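First up is the structure itself, then whatever we jot down about it.
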Amino acid sequence: MAMEQMIRFEQIGGPEVLQWVEVDLPEPGPGEVRLRTQAAGLNFIDVYHRTGVYPAQMPSGIGVEGAGVIEAVGEGVTGFAVDDRAATFGPALGSYATARNLKAETLFKLPEQISSETAAAVLLKGCTVEFMVERAAKVQPGWTVLVHSAAGGVGQIAVGWLKGIGATVIGTVGHEAKVEKAKAVGCDHVLLSRGQEDVAARVREITGGAGVPVVFDGIGKATWEASLGSAARRGLILSYGNASGSVEGVKLATLNQHGSLFVTRPKLFDYYVTPEERRAGAARLFEMLGKGAVKPEIGQRFALRDAAEAHRAIEGGQTTGSTILLP
């Protein structure tokens with residue numbers, strides 16, 4: 001039994017519900033390893049858990065993404081050993097911790113050239129982009145696509161990935177200050193959302209009236225109408241996040257009226273189910289990292305114990321790129 005620290009919450013609410021507490025961590029059980037955290041990733045799914053959008057059993061740890069070094073191995077574990085470097089994107093909550101026990105089957109062994117900080121910044125977001133671009137949307141070279149929040153953590157990775165496979169990218173950002181960042185990561189066109197520009201009209205202008213075959217929308221409620229108006233006939237909207245609130249009350253007739261559209265509300269864990277899918281998806285991400293198509297930017301670093309401050313920053317739209325938490 002070892003004494004460790006973690007962030008825990010006992011009720012849903014604002015960032016103030018996050019508590020820094022000491023816990024007794026037992027030896028890893030059968031099929032488990034103990035992972036010493038070197039970096040944890042901050043993602044909007046963490047906000048969804050804290051606020052109850054995605055229910056968690058209380059009291060609960062928080063955070064799904066983390067990377068570090070294996071310190072102990074439980075009975076029956078194969079493929080991992082003490083001192084191996086590994087990372088996870090869940091689904092178990094609790095990555096905001098100095099160390100924790102995890103099922104070995106939820107871990108990815110890290111290549112030597114990928115640091116724990118990079119893994120914590122990119123694994124969940126990068127695997128999300130992998131399945132969305134390559135398996136859900138099947139984006140082809142030469143397509144023009146729309147990426148909302150192009151300067152955000154997922155957005156930056158998506159833009160780089162899409163450019164890496166030969167697509168043209170129209171990106172949106174919420175603030176003028178993020179325009180240059182979106183251009184720097186590869187956007188061919190950058191539009192201002194939040195009512196500053198008519199995004200759908202500009203997309204139609206850029207595409208000669210056709211619209212885009214795919215929209216990647218992690219914002220949700222605030223960008224839904226713009227996504228509908230930007231999609232080409234028989235286009236696909238991937239609504240993968242709720243940063244501005246959930247999209248609700250969608251009528252199927254709306255999809256008909258906007259050109260026989262397709263819409264999916266996917267989640268990562270439905271695309272990373274089997275060991276084969278998990279290995280192949282992560283390998284593709286590591287390949288894109290190696291090629292330089294994906295260049296994760298760590299825009300912010302916070303101490304683990306300051307997780308509440310980090311949550312305020314991401315909810316307030318004050319972050320760029322990825323944010324990591326350090327023990």
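Chain labels run A, B, ... following the order of the structure tokens; each chain numbers its residues from 1, and ligands are numbered from 1 in the order shown.
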Lys181 (chain A) environment, 12 Å, only C-alpha atoms, sequence neighbours closer than 6 positions dropped, as a VMD selection string
chain A and resid 149 to 153 155 to 156 159 171 to 175 187 to 190 297 299 319 to 321
Quick one: distance from CA of Leu236 (chain A) to CA of Ala137 (chain A) in Å, one decimal?
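Computed distance, CA of Leu236 (chain A) to CA of Ala137 (chain A), equals 7.3 Å.
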Quick one: distance from CA of Ser115 (chain A) to CA of Gln300 (chain A) in Å, one decimal?
16.3 Å
Between A:Gly220, A:Pro28, A:Pro15, A:Gly229, which has the minimum distance to Val203 (chain A) (counting only C-alpha atoms)?
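Result for the nearest residue to Val203 (chain A): A:Gly229.
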Could you find all residues in region 32-145 of chain A that DSSP calls strand (DSSP E or B) from the backbone, and write them as number ranges by chain?
A: 32-42, 60-61, 66-73, 85-88, 97, 99-103, 108-109, 144-145
Pick from A:Thr78, A:Thr168, A:Thr144, A:Asn242: nearest to Gly211 (chain A), with only C-alpha atoms counted?
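Residue with the minimum atom-to-atom distance to Gly211 (chain A): A:Thr144.
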